[in-house]
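Colleague: Got data_28.txt for you, compact mmCIF, C-alpha atoms:
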# COMPACT_ATOMS: atom_id res chain seq x y z
CA MET A 1 0.57 27.80 -60.36
CA LYS A 2 3.03 25.89 -62.47
CA PRO A 3 3.80 22.26 -61.60
CA PRO A 4 7.00 21.64 -59.61
CA ASP A 5 10.02 20.13 -61.32
CA PHE A 6 10.02 16.39 -61.95
CA ASP A 7 11.37 13.88 -64.42
CA TYR A 8 9.27 11.93 -66.91
CA VAL A 9 9.37 8.59 -68.69
CA ALA A 10 6.90 7.11 -71.18
CA PRO A 11 7.52 3.33 -71.25
CA THR A 12 5.89 1.17 -73.92
CA SER A 13 5.35 -2.02 -71.91
CA VAL A 14 3.81 -2.81 -68.52
CA ASP A 15 7.07 -4.45 -67.45
CA ASP A 16 9.08 -1.33 -68.23
CA ALA A 17 6.50 0.81 -66.46
CA ILE A 18 6.80 -1.31 -63.31
CA LYS A 19 10.59 -1.15 -63.48
CA ALA A 20 10.44 2.64 -63.81
CA LEU A 21 8.03 2.88 -60.87
CA GLY A 22 10.34 0.70 -58.78
CA SER A 23 13.38 2.79 -59.66
CA ASP A 24 12.27 5.81 -57.64
CA ALA A 25 10.50 5.84 -54.27
CA GLU A 26 8.84 9.16 -55.17
CA ALA A 27 7.63 8.07 -58.62
CA LYS A 28 3.97 8.40 -59.51
CA VAL A 29 1.87 6.93 -62.32
CA LEU A 30 0.45 9.40 -64.84
CA ALA A 31 -2.68 8.26 -66.68
CA GLY A 32 -4.78 11.03 -68.27
CA GLY A 33 -3.57 13.62 -65.77
CA GLN A 34 -6.94 15.30 -65.29
CA SER A 35 -6.70 14.89 -61.51
CA LEU A 36 -2.94 14.59 -61.07
CA ILE A 37 -1.91 17.72 -63.03
CA PRO A 38 -4.15 19.98 -60.89
CA LEU A 39 -2.61 18.40 -57.77
CA LEU A 40 0.82 19.25 -59.19
CA ALA A 41 -0.29 22.80 -60.04
CA PHE A 42 -1.50 23.25 -56.45
CA ARG A 43 1.79 21.73 -55.24
CA LEU A 44 -0.23 19.15 -53.30
CA ALA A 45 1.80 16.41 -54.99
CA GLY A 46 5.54 16.55 -55.60
CA PRO A 47 6.68 13.35 -57.32
CA SER A 48 10.27 13.22 -58.54
CA LEU A 49 9.30 11.06 -61.51
CA LEU A 50 6.11 10.63 -63.54
CA VAL A 51 5.64 7.29 -65.31
CA ASP A 52 3.24 8.01 -68.18
CA LEU A 53 1.16 4.97 -69.20
CA ALA A 54 -0.19 6.56 -72.39
CA ARG A 55 2.28 4.74 -74.66
CA VAL A 56 2.11 1.36 -72.92
CA ASP A 57 0.83 -1.35 -75.25
CA GLY A 58 -2.37 -3.16 -74.37
CA LEU A 59 -3.95 -0.77 -71.88
CA ASP A 60 -6.45 0.82 -74.28
CA HIS A 61 -9.21 -1.68 -75.03
CA ILE A 62 -12.85 -2.47 -74.46
CA THR A 63 -13.37 -6.23 -74.33
CA ASP A 64 -16.73 -8.00 -74.17
CA GLU A 65 -16.13 -11.26 -72.30
CA GLY A 66 -19.73 -12.42 -72.30
CA ASP A 67 -20.82 -12.04 -68.70
CA ARG A 68 -18.17 -9.40 -68.03
CA LEU A 69 -16.93 -6.21 -69.62
CA VAL A 70 -13.20 -5.54 -69.30
CA ILE A 71 -11.91 -2.05 -70.01
CA GLY A 72 -8.20 -1.25 -70.29
CA ALA A 73 -6.98 1.28 -67.74
CA MET A 74 -5.85 3.82 -70.33
CA THR A 75 -9.10 3.79 -72.29
CA ARG A 76 -10.13 7.43 -72.57
CA GLN A 77 -13.41 8.26 -70.88
CA ARG A 78 -14.81 9.83 -74.03
CA ARG A 79 -14.11 6.67 -76.03
CA ALA A 80 -15.94 4.51 -73.49
CA GLU A 81 -18.80 7.01 -73.33
CA ARG A 82 -19.35 6.66 -77.09
CA ASP A 83 -18.60 2.95 -77.45
CA PRO A 84 -21.56 0.80 -78.61
CA VAL A 85 -20.34 -2.26 -76.68
CA VAL A 86 -20.23 -0.30 -73.43
CA ALA A 87 -23.65 1.15 -74.18
CA GLU A 88 -25.10 -2.32 -74.58
CA ARG A 89 -23.21 -4.17 -71.86
CA CYS A 90 -22.93 -1.50 -69.16
CA PRO A 91 -25.33 1.41 -69.73
CA LEU A 92 -24.78 2.55 -66.12
CA LEU A 93 -21.16 3.30 -67.03
CA VAL A 94 -22.14 5.39 -70.06
CA GLU A 95 -24.61 7.43 -68.03
CA SER A 96 -22.04 7.87 -65.25
CA LEU A 97 -19.41 9.08 -67.73
CA ARG A 98 -21.71 11.90 -68.83
CA HIS A 99 -21.41 13.26 -65.29
CA VAL A 100 -17.58 13.15 -65.24
CA GLY A 101 -16.25 16.70 -65.54
CA HIS A 102 -16.81 18.13 -69.00
CA PRO A 103 -16.17 16.87 -72.56
CA GLN A 104 -12.78 18.61 -72.49
CA ILE A 105 -11.85 16.53 -69.43
CA ARG A 106 -13.24 13.23 -70.73
CA SER A 107 -11.19 13.47 -73.94
CA ARG A 108 -8.04 13.05 -71.85
CA GLY A 109 -9.25 11.42 -68.62
CA THR A 110 -9.04 7.63 -68.42
CA ILE A 111 -11.20 4.89 -66.93
CA GLY A 112 -8.35 3.44 -64.87
CA GLY A 113 -6.99 6.79 -63.76
CA SER A 114 -10.29 7.84 -62.25
CA VAL A 115 -10.79 4.51 -60.46
CA ALA A 116 -7.23 4.53 -59.07
CA HIS A 117 -7.53 8.16 -57.96
CA ALA A 118 -10.51 7.08 -55.79
CA ASP A 119 -12.12 10.44 -55.22
CA PRO A 120 -15.12 9.86 -52.91
CA ALA A 121 -17.30 12.13 -55.08
CA ALA A 122 -16.23 10.61 -58.41
CA GLU A 123 -18.57 8.48 -60.49
CA LEU A 124 -16.31 5.76 -61.89
CA PRO A 125 -15.13 4.30 -58.57
CA ALA A 126 -18.80 4.18 -57.54
CA VAL A 127 -19.79 2.32 -60.72
CA VAL A 128 -17.21 -0.40 -60.03
CA LEU A 129 -18.29 -0.59 -56.39
CA ALA A 130 -22.03 -0.59 -57.14
CA LEU A 131 -21.77 -3.38 -59.70
CA GLY A 132 -19.43 -5.52 -57.59
CA GLY A 133 -16.66 -5.21 -60.18
CA ARG A 134 -12.95 -5.57 -59.70
CA VAL A 135 -9.65 -4.23 -60.98
CA HIS A 136 -6.63 -5.97 -62.42
CA VAL A 137 -3.24 -4.81 -61.20
CA THR A 138 0.29 -5.81 -62.10
CA GLY A 139 3.32 -5.31 -59.88
CA PRO A 140 6.88 -6.55 -59.37
CA SER A 141 5.55 -9.88 -58.05
CA GLY A 142 3.00 -10.46 -60.82
CA ASP A 143 -0.69 -9.97 -61.52
CA ARG A 144 -3.59 -9.94 -59.08
CA THR A 145 -7.19 -8.82 -58.97
CA ILE A 146 -8.77 -6.69 -56.27
CA GLU A 147 -12.52 -6.82 -55.64
CA ALA A 148 -14.13 -3.38 -55.59
CA GLU A 149 -15.30 -3.82 -52.00
CA ASP A 150 -11.65 -4.26 -50.95
CA LEU A 151 -10.27 -1.54 -53.24
CA PHE A 152 -11.39 1.75 -51.74
CA GLN A 153 -9.68 2.37 -48.41
CA GLY A 154 -10.36 6.04 -47.73
CA PHE A 155 -9.94 9.51 -49.20
CA LEU A 156 -7.93 9.14 -52.46
CA SER A 157 -6.67 5.84 -51.06
CA THR A 158 -6.84 2.32 -52.48
CA SER A 159 -5.36 -1.09 -51.70
CA ILE A 160 -3.20 -0.89 -54.84
CA GLU A 161 0.35 -1.16 -53.47
CA ASP A 162 3.25 1.15 -54.24
CA GLY A 163 4.91 -0.19 -57.36
CA GLU A 164 1.70 -1.72 -58.73
CA ILE A 165 -0.18 -0.49 -61.78
CA LEU A 166 -3.90 -0.76 -62.41
CA THR A 167 -4.16 -2.33 -65.88
CA ALA A 168 -7.90 -2.96 -66.35
CA VAL A 169 -11.31 -2.43 -64.81
CA GLU A 170 -13.86 -5.23 -64.94
CA VAL A 171 -17.61 -5.03 -64.35
CA PRO A 172 -20.35 -7.66 -64.75
CA ALA A 173 -22.28 -7.17 -67.98
CA SER A 174 -25.91 -6.23 -67.53
CA GLY A 175 -28.56 -8.84 -68.27
CA PRO A 176 -32.08 -8.61 -69.68
CA ARG A 177 -34.74 -6.39 -68.04
CA THR A 178 -32.07 -4.23 -66.44
CA GLY A 179 -32.64 -0.58 -65.58
CA TRP A 180 -30.09 1.97 -64.41
CA SER A 181 -29.91 5.53 -63.21
CA VAL A 182 -27.44 8.17 -62.07
CA VAL A 183 -28.88 11.06 -60.06
CA GLU A 184 -26.65 13.82 -58.75
CA ILE A 185 -27.21 17.06 -56.90
CA ALA A 186 -24.47 19.54 -57.82
CA ARG A 187 -24.26 23.34 -57.78
CA ARG A 188 -23.37 23.34 -61.48
CA PRO A 189 -23.37 20.56 -64.09
CA GLY A 190 -19.91 19.00 -64.22
CA ASP A 191 -19.04 19.91 -60.63
CA TYR A 192 -18.36 17.19 -58.13
CA ALA A 193 -21.75 16.27 -56.71
CA LEU A 194 -22.75 17.20 -53.16
CA CYS A 195 -24.34 13.76 -53.23
CA GLY A 196 -25.18 11.28 -55.94
CA ALA A 197 -26.76 7.85 -56.32
CA LEU A 198 -25.80 5.27 -58.96
CA CYS A 199 -28.26 2.45 -59.34
CA GLN A 200 -28.82 -0.69 -61.40
CA LEU A 201 -31.79 -3.03 -60.96
CA GLN A 202 -32.80 -6.24 -62.73
CA LEU A 203 -36.35 -7.63 -62.88
CA ASP A 204 -37.59 -11.17 -63.45
CA ASP A 205 -40.40 -12.05 -65.86
CA ALA A 206 -42.98 -11.31 -63.20
CA GLY A 207 -41.53 -7.82 -62.63
CA ALA A 208 -39.98 -8.54 -59.23
CA VAL A 209 -36.54 -7.08 -58.48
CA VAL A 210 -34.01 -9.92 -58.48
CA ASP A 211 -30.77 -7.93 -58.51
CA ALA A 212 -30.16 -4.54 -56.90
CA HIS A 213 -27.09 -2.32 -56.86
CA LEU A 214 -26.87 1.14 -55.33
CA ALA A 215 -23.81 3.21 -54.49
CA LEU A 216 -23.65 6.74 -53.09
CA ILE A 217 -21.00 9.38 -53.72
CA GLY A 218 -20.09 12.49 -51.77
CA VAL A 219 -21.24 11.11 -48.43
CA GLY A 220 -18.04 9.69 -46.99
CA ASP A 221 -14.31 9.30 -47.50
CA ARG A 222 -14.96 6.77 -50.28
CA PRO A 223 -17.88 5.65 -52.47
CA MET A 224 -20.41 3.85 -50.27
CA ARG A 225 -22.55 0.89 -51.21
CA ALA A 226 -26.06 1.13 -49.79
CA HIS A 227 -26.62 -2.48 -48.74
CA ALA A 228 -29.67 -1.70 -46.60
CA VAL A 229 -31.40 -0.01 -49.52
CA GLU A 230 -30.55 -2.90 -51.86
CA ALA A 231 -31.93 -5.47 -49.37
CA ALA A 232 -35.14 -3.49 -48.96
CA VAL A 233 -35.67 -3.26 -52.72
CA LEU A 234 -35.05 -6.99 -53.09
CA GLY A 235 -37.60 -7.53 -50.32
CA GLY A 236 -40.26 -5.68 -52.28
CA ALA A 237 -40.02 -2.22 -50.71
CA SER A 238 -41.05 0.79 -52.81
CA PRO A 239 -38.36 3.28 -53.90
CA ALA A 240 -39.47 5.73 -51.19
CA GLU A 241 -39.45 3.06 -48.46
CA ALA A 242 -36.06 1.71 -49.52
CA ALA A 243 -34.47 5.15 -50.02
CA ALA A 244 -35.38 6.13 -46.46
CA LEU A 245 -32.67 3.65 -45.38
CA ALA A 246 -29.96 5.35 -47.48
CA PRO A 247 -28.50 7.41 -44.59
CA ASP A 248 -27.96 4.23 -42.50
CA GLY A 249 -24.34 4.01 -41.46
CA LEU A 250 -23.31 7.24 -43.17
CA SER A 251 -21.67 10.18 -41.39
CA PRO A 252 -20.68 12.66 -44.12
CA GLY A 253 -18.65 15.72 -43.19
CA SER A 254 -19.85 19.31 -43.29
CA ASP A 255 -18.08 21.87 -45.43
CA VAL A 256 -18.76 25.18 -47.20
CA HIS A 257 -20.74 23.34 -49.88
CA ALA A 258 -23.19 21.37 -47.72
CA SER A 259 -23.78 20.35 -44.11
CA SER A 260 -23.68 16.75 -43.01
CA ASP A 261 -27.45 16.76 -42.41
CA TYR A 262 -28.12 18.15 -45.87
CA ARG A 263 -25.96 15.47 -47.46
CA LEU A 264 -27.86 12.78 -45.55
CA HIS A 265 -31.12 14.29 -46.81
CA LEU A 266 -29.74 14.21 -50.36
CA ALA A 267 -28.75 10.56 -49.92
CA THR A 268 -32.43 9.74 -49.50
CA VAL A 269 -33.58 12.05 -52.29
CA THR A 270 -31.05 10.86 -54.87
CA SER A 271 -31.57 7.20 -53.92
CA ARG A 272 -35.35 7.50 -54.32
CA ARG A 273 -35.06 9.19 -57.71
CA ALA A 274 -32.43 6.73 -58.93
CA LEU A 275 -34.44 3.69 -57.82
CA THR A 276 -37.57 5.07 -59.45
CA GLN A 277 -35.88 5.77 -62.77
CA ALA A 278 -34.03 2.43 -62.79
CA LEU A 279 -37.33 0.60 -62.19
CA GLU A 280 -38.99 2.50 -65.05
CA ARG A 281 -36.15 1.65 -67.41
CA ALA A 282 -36.14 -2.03 -66.40
CA ALA A 283 -39.87 -2.45 -66.90
CA MET B 1 15.99 17.33 -64.50
CA SER B 2 16.75 16.68 -68.13
CA ASP B 3 14.82 18.13 -71.03
CA HIS B 4 12.79 16.00 -73.42
CA ALA B 5 12.67 16.25 -77.22
CA VAL B 6 9.15 16.59 -78.56
CA THR B 7 7.63 17.08 -81.99
CA ILE B 8 4.09 18.39 -82.04
CA ARG B 9 2.15 19.34 -85.14
CA VAL B 10 0.67 22.73 -84.25
CA ASN B 11 -1.82 24.28 -86.68
CA GLY B 12 -0.45 22.09 -89.45
CA VAL B 13 3.25 22.76 -88.86
CA ASP B 14 5.64 20.34 -87.11
CA ARG B 15 7.33 22.04 -84.17
CA SER B 16 10.31 20.31 -82.57
CA GLU B 17 11.52 21.60 -79.22
CA SER B 18 13.36 20.44 -76.15
CA VAL B 19 11.21 20.97 -73.07
CA PRO B 20 11.25 20.26 -69.33
CA ALA B 21 8.65 17.69 -68.22
CA ARG B 22 6.83 20.27 -66.08
CA LEU B 23 6.06 22.57 -69.03
CA THR B 24 2.33 22.47 -69.77
CA LEU B 25 1.08 22.50 -73.33
CA ALA B 26 -0.51 25.91 -72.65
CA ASP B 27 2.85 27.42 -71.69
CA PHE B 28 4.53 25.65 -74.61
CA LEU B 29 2.08 27.26 -77.04
CA ARG B 30 2.29 30.71 -75.49
CA GLU B 31 5.94 30.99 -74.50
CA ARG B 32 7.79 28.76 -76.94
CA LEU B 33 5.65 29.24 -80.06
CA ASP B 34 4.26 32.71 -79.29
CA LEU B 35 0.73 31.48 -80.00
CA THR B 36 -0.96 33.67 -77.42
CA ALA B 37 -4.59 33.14 -78.41
CA THR B 38 -4.61 30.24 -75.95
CA HIS B 39 -5.32 32.03 -72.67
CA LEU B 40 -4.43 30.87 -69.19
CA ALA B 41 -6.50 31.82 -66.18
CA CYS B 42 -6.99 29.21 -63.46
CA GLU B 43 -4.21 26.81 -64.49
CA HIS B 44 -5.99 23.87 -62.88
CA GLY B 45 -8.64 22.83 -65.35
CA MET B 46 -11.65 24.76 -64.07
CA CYS B 47 -12.11 27.69 -66.44
CA GLY B 48 -11.64 26.38 -69.99
CA ALA B 49 -9.83 29.50 -71.28
CA CYS B 50 -6.94 27.31 -72.49
CA THR B 51 -9.13 24.88 -74.47
CA VAL B 52 -7.42 23.62 -77.66
CA LEU B 53 -7.97 20.66 -79.95
CA VAL B 54 -5.60 17.72 -79.39
CA ASP B 55 -5.90 15.13 -82.15
CA GLY B 56 -9.23 16.70 -83.03
CA GLU B 57 -10.75 16.66 -79.55
CA THR B 58 -11.07 19.54 -77.10
CA ALA B 59 -8.72 19.39 -74.14
CA ARG B 60 -7.44 21.69 -71.41
CA ALA B 61 -3.96 22.80 -72.46
CA CYS B 62 -3.16 23.54 -68.79
CA LEU B 63 -3.89 19.91 -67.83
CA LEU B 64 -1.61 18.41 -70.43
CA LEU B 65 2.16 18.30 -70.20
CA THR B 66 3.97 19.10 -73.42
CA VAL B 67 5.73 15.74 -73.19
CA GLN B 68 2.34 13.99 -73.14
CA ALA B 69 1.42 15.72 -76.40
CA ASP B 70 4.56 14.49 -78.20
CA GLY B 71 3.47 13.20 -81.61
CA SER B 72 0.03 14.78 -81.38
CA GLU B 73 -1.71 17.25 -83.62
CA VAL B 74 -2.78 20.44 -81.85
CA THR B 75 -5.10 23.14 -83.16
CA THR B 76 -5.31 26.52 -81.45
CA LEU B 77 -7.59 29.43 -82.23
CA GLU B 78 -4.90 30.74 -84.60
CA GLY B 79 -5.23 27.55 -86.62
CA LEU B 80 -9.00 27.45 -86.76
CA THR B 81 -9.35 29.96 -89.60
CA GLU B 82 -7.15 31.23 -92.39
CA GLY B 83 -5.41 34.56 -92.02
CA ASP B 84 -7.41 37.51 -90.70
CA LYS B 85 -10.75 36.29 -92.03
CA LEU B 86 -13.26 35.54 -89.28
CA GLY B 87 -14.74 32.05 -89.22
CA PRO B 88 -18.48 31.57 -88.70
CA ILE B 89 -18.17 31.18 -84.93
CA GLU B 90 -16.06 34.32 -84.56
CA GLN B 91 -18.44 36.16 -86.90
CA ALA B 92 -21.33 35.06 -84.71
CA PHE B 93 -19.60 36.32 -81.54
CA TRP B 94 -19.14 39.67 -83.32
CA ALA B 95 -22.75 39.84 -84.49
CA LYS B 96 -24.29 38.84 -81.16
CA HIS B 97 -21.85 40.63 -78.82
CA GLY B 98 -20.80 37.25 -77.42
CA MET B 99 -17.85 38.77 -75.59
CA GLN B 100 -17.09 41.66 -73.33
CA CYS B 101 -13.49 41.50 -72.09
CA GLY B 102 -12.82 38.62 -74.50
CA PHE B 103 -10.42 36.72 -72.26
CA CYS B 104 -12.48 33.53 -72.26
CA THR B 105 -13.46 33.76 -75.93
CA PRO B 106 -10.72 31.61 -77.52
CA GLY B 107 -11.65 28.65 -75.30
CA PHE B 108 -15.33 29.12 -76.06
CA VAL B 109 -14.67 29.22 -79.82
CA LEU B 110 -12.77 25.92 -79.75
CA THR B 111 -15.42 24.29 -77.55
CA ILE B 112 -18.18 25.51 -79.88
CA ALA B 113 -16.28 24.35 -82.98
CA GLU B 114 -16.20 20.80 -81.62
CA MET B 115 -19.79 20.99 -80.37
CA LEU B 116 -21.12 22.00 -83.79
CA ASP B 117 -18.98 19.43 -85.61
CA ASP B 118 -20.53 16.74 -83.38
CA ASN B 119 -24.03 18.17 -83.48
CA PRO B 120 -24.70 20.81 -86.18
CA ASN B 121 -28.18 21.62 -84.86
CA PRO B 122 -28.04 21.67 -81.05
CA THR B 123 -31.06 22.61 -78.96
CA ARG B 124 -30.74 25.49 -76.52
CA GLU B 125 -30.38 22.98 -73.68
CA GLU B 126 -27.65 21.13 -75.57
CA ILE B 127 -25.82 24.42 -76.15
CA ILE B 128 -25.96 25.33 -72.47
CA GLU B 129 -24.80 21.84 -71.48
CA GLY B 130 -22.02 21.97 -74.07
CA LEU B 131 -20.72 25.31 -72.77
CA GLY B 132 -20.62 24.02 -69.19
CA GLY B 133 -16.86 23.55 -69.18
CA ASN B 134 -16.05 27.16 -70.05
CA LEU B 135 -16.38 30.05 -67.61
CA CYS B 136 -17.18 33.64 -68.59
CA ARG B 137 -17.23 36.28 -65.86
CA CYS B 138 -18.65 39.12 -68.02
CA THR B 139 -21.53 38.17 -70.23
CA GLY B 140 -23.80 36.04 -68.09
CA TYR B 141 -23.66 33.58 -71.01
CA VAL B 142 -26.89 34.73 -72.69
CA LYS B 143 -25.06 36.47 -75.53
CA ILE B 144 -22.72 33.50 -75.93
CA VAL B 145 -25.67 31.12 -76.30
CA GLU B 146 -27.12 33.50 -78.88
CA ALA B 147 -23.75 33.53 -80.68
CA VAL B 148 -23.83 29.73 -80.90
CA GLU B 149 -27.33 29.88 -82.39
CA GLU B 150 -26.09 32.49 -84.86
CA ALA B 151 -23.09 30.31 -85.72
CA VAL B 152 -25.44 27.40 -86.43
CA SER B 153 -27.23 29.44 -89.08
CA LEU B 154 -24.00 30.95 -90.48
CA ARG B 155 -22.64 27.43 -90.87
CA GLY B 156 -25.72 26.51 -92.86
CA GLY B 157 -27.39 24.50 -90.14
CA GLY B 158 -30.69 25.27 -88.50
CA ALA B 159 -34.15 24.28 -89.53
Please express what this file holds, its structure, as structure tokens.
Modeller:
Amino acid sequence: MKPPDFDYVAPTSVDDAIKALGSDAEAKVLAGGQSLIPLLAFRLAGPSLLVDLARVDGLDHITDEGDRLVIGAMTRQRRAERDPVVAERCPLLVESLRHVGHPQIRSRGTIGGSVAHADPAAELPAVVLALGGRVHVTGPSGDRTIEAEDLFQGFLSTSIEDGEILTAVEVPASGPRTGWSVVEIARRPGDYALCGALCQLQLDDAGAVVDAHLALIGVGDRPMRAHAVEAAVLGGASPAEAAALAPDGLSPGSDVHASSDYRLHLATVTSRRALTQALERAA
Amino acid sequence: MSDHAVTIRVNGVDRSESVPARLTLADFLRERLDLTATHLACEHGMCGACTVLVDGETARACLLLTVQADGSEVTTLEGLTEGDKLGPIEQAFWAKHGMQCGFCTPGFVLTIAEMLDDNPNPTREEIIEGLGGNLCRCTGYVKIVEAVEEAVSLRGGGA
């Protein structure tokens, strides 16, 4: 269908964007639109005003801050996917981006838009969660940061308040002897995964795992961090032993695409494969 | 709701129009500019029939509001080649029977144009991966993959 009627502004500063958002209780932020425009076409969203961030100064950047990588919210996914700094500092993000939709989506879709949309099967929220990253937001009362573990509240729901704008996404930069992996099971490449595992591991000089990150997508109402699996890997468990703990605490729904039991099975399978590949890459 | 003035360079020509915010780029191209090679099927970003180039990169014209494209450069299938002469990709579709009903073909051609500009000698796997964002309900894709391989050699690539 066609989108419903709405008004549109394209401010050029964060301050003006916040003022525009505050001017209308039914206003909504437009980033790349690759999730929002379909919601409009389905008439699942009916904002009276769209505040487009595409022309706001300072939201399109990739900044290497030493131990952290900061990416402006309006950085296009394709740009980040091809950026040499991202490739070096956060290879997990590059590999995750290759699973986001298709090239025609990533040319328009943004890093911040995907994180703020918080789809439980999307890769980018899971990257931020897995790595223990955070987001920077600005609102009428100023700037604040939200840790990833506090950000995702439920299906398409975050702790970003009405009137606030996500301005940047921050993840820790990867260190030496780091391996990563993204494993998804999907009906077709580019589809939302039935289940996926995103993993990053770091080894010490002796080859022992000293840092472990694993997040699962498609198995709940938000991306889920697999703490039990991480603890097992840090304790010396093999990928198969650790991955067996992946279903702990999960209760995914059943739908036409996959049953709850099948998704739990895939949580183990994708975790095992991701841990194995991450270990190989770290070695 | 008020209309918005936009200027978009379409196939090398500046087009200035006043449009409602809800008008997608696909409808702008088809209904305002009469450029009907850009096809619309699903209208929610799944099928790829409306693929165009925006500032040189493929994008879904149904997932882009015309107001978002203000100041951009857009290339549609009409702008890909000069006049009635077939370009190498279209020639390859002809030679390999890469279409049946042809509805999806414009989106495929734009996707393939970008794919081969990025990677002039793709492997079969890379071709299949690269076509993943475009749906065809007739061919079963085999003839389209063959058309891409033919286009590679027509463009002077290949081993």
Colleague: What box, with edges along x, y and z, holds each listed atom of segment 249-267 of chain A when 6 Å is added on every side, and can you state its centre and edge lengths in Å to one decimal, as JSON?
Modeller:
{"center_x": -24.6, "center_y": 14.6, "center_z": -45.9, "size_x": 25.0, "size_y": 33.2, "size_z": 21.0}
Colleague: Considering all atoms listed in the file, extract the chain A residues located within 8 Å of chain B and return them as a compact mmCIF listing (two decimals) with C-alpha atoms, in the frame of the given file.
Modeller:
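Okay, this is what ended up in iface_24.txt:
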# COMPACT_ATOMS: atom_id res chain seq x y z
CA MET A 1 0.57 27.80 -60.36
CA LYS A 2 3.03 25.89 -62.47
CA PRO A 3 3.80 22.26 -61.60
CA PRO A 4 7.00 21.64 -59.61
CA ASP A 5 10.02 20.13 -61.32
CA PHE A 6 10.02 16.39 -61.95
CA ASP A 7 11.37 13.88 -64.42
CA TYR A 8 9.27 11.93 -66.91
CA GLY A 33 -3.57 13.62 -65.77
CA GLN A 34 -6.94 15.30 -65.29
CA ILE A 37 -1.91 17.72 -63.03
CA PRO A 38 -4.15 19.98 -60.89
CA ALA A 41 -0.29 22.80 -60.04
CA PHE A 42 -1.50 23.25 -56.45
CA ASP A 52 3.24 8.01 -68.18
CA ALA A 54 -0.19 6.56 -72.39
CA GLY A 101 -16.25 16.70 -65.54
CA HIS A 102 -16.81 18.13 -69.00
CA PRO A 103 -16.17 16.87 -72.56
CA GLN A 104 -12.78 18.61 -72.49
CA ILE A 105 -11.85 16.53 -69.43
CA SER A 107 -11.19 13.47 -73.94
CA ARG A 108 -8.04 13.05 -71.85
CA PRO A 189 -23.37 20.56 -64.09
CA GLY A 190 -19.91 19.00 -64.22
Colleague: Identify, on the basis of all atoms listed in the file, every residue whose closest approach to segment 174-183 of chain A does not exceed 8 Å; exclude the query and any residue fewer than 4 positions from it along the same chain; express the result as a ChimeraX atom specification.
Modeller: /A:67,89-92,95-96,196-204,270-271,273-275,277-283
Colleague: When you count all atoms listed in the file, which of these residues is closest to Cys47 of chain B: A:Arg263, A:Asp191, A:Ala244, A:Ser13?
Modeller: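 Looking only at the distances to Cys47 of chain B, the closest residue turns out to be A:Asp191.
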Colleague: Name the closest residue to Glu31 of chain B among the candidates B:Val19, B:Ala92, B:Leu154, B:Ile8; distances are taken between atoms, counting only C-alpha atoms.
Modeller: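 Residue with the minimum atom-to-atom distance to Glu31 of chain B: B:Val19.
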Colleague: Output segment 132-143 of chain B as a PDB file, in the frame of the given file, making sure N, CA and C atoms are there.
Modeller:
ATOM      1  N   GLY B 132     -20.792  24.129 -70.639  1.00  0.00           N
ATOM      2  CA  GLY B 132     -20.620  24.020 -69.190  1.00  0.00           C
ATOM      3  C   GLY B 132     -19.174  24.010 -68.723  1.00  0.00           C
ATOM      4  N   GLY B 133     -18.248  23.629 -69.589  1.00  0.00           N
ATOM      5  CA  GLY B 133     -16.860  23.550 -69.180  1.00  0.00           C
ATOM      6  C   GLY B 133     -16.068  24.824 -69.421  1.00  0.00           C
ATOM      7  N   ASN B 134     -16.737  25.888 -69.819  1.00  0.00           N
ATOM      8  CA  ASN B 134     -16.050  27.160 -70.050  1.00  0.00           C
ATOM      9  C   ASN B 134     -16.690  28.251 -69.191  1.00  0.00           C
ATOM     10  N   LEU B 135     -15.863  28.974 -68.460  1.00  0.00           N
ATOM     11  CA  LEU B 135     -16.380  30.050 -67.610  1.00  0.00           C
ATOM     12  C   LEU B 135     -16.218  31.397 -68.310  1.00  0.00           C
ATOM     13  N   CYS B 136     -17.240  32.250 -68.157  1.00  0.00           N
ATOM     14  CA  CYS B 136     -17.180  33.640 -68.590  1.00  0.00           C
ATOM     15  C   CYS B 136     -17.634  34.479 -67.406  1.00  0.00           C
ATOM     16  N   ARG B 137     -16.862  35.476 -67.026  1.00  0.00           N
ATOM     17  CA  ARG B 137     -17.230  36.280 -65.860  1.00  0.00           C
ATOM     18  C   ARG B 137     -17.881  37.601 -66.263  1.00  0.00           C
ATOM     19  N   CYS B 138     -18.050  37.847 -67.581  1.00  0.00           N
ATOM     20  CA  CYS B 138     -18.650  39.120 -68.020  1.00  0.00           C
ATOM     21  C   CYS B 138     -20.090  38.968 -68.503  1.00  0.00           C
ATOM     22  N   THR B 139     -20.316  38.064 -69.424  1.00  0.00           N
ATOM     23  CA  THR B 139     -21.530  38.170 -70.230  1.00  0.00           C
ATOM     24  C   THR B 139     -22.785  37.624 -69.570  1.00  0.00           C
ATOM     25  N   GLY B 140     -22.628  36.740 -68.594  1.00  0.00           N
ATOM     26  CA  GLY B 140     -23.800  36.040 -68.090  1.00  0.00           C
ATOM     27  C   GLY B 140     -24.268  34.957 -69.048  1.00  0.00           C
ATOM     28  N   TYR B 141     -23.480  34.707 -70.077  1.00  0.00           N
ATOM     29  CA  TYR B 141     -23.660  33.580 -71.010  1.00  0.00           C
ATOM     30  C   TYR B 141     -24.783  33.742 -72.034  1.00  0.00           C
ATOM     31  N   VAL B 142     -25.742  34.624 -71.771  1.00  0.00           N
ATOM     32  CA  VAL B 142     -26.890  34.730 -72.690  1.00  0.00           C
ATOM     33  C   VAL B 142     -26.417  35.074 -74.094  1.00  0.00           C
ATOM     34  N   LYS B 143     -25.512  36.050 -74.200  1.00  0.00           N
ATOM     35  CA  LYS B 143     -25.060  36.470 -75.530  1.00  0.00           C
ATOM     36  C   LYS B 143     -24.178  35.391 -76.181  1.00  0.00           C
TER      37      LYS B 143
END
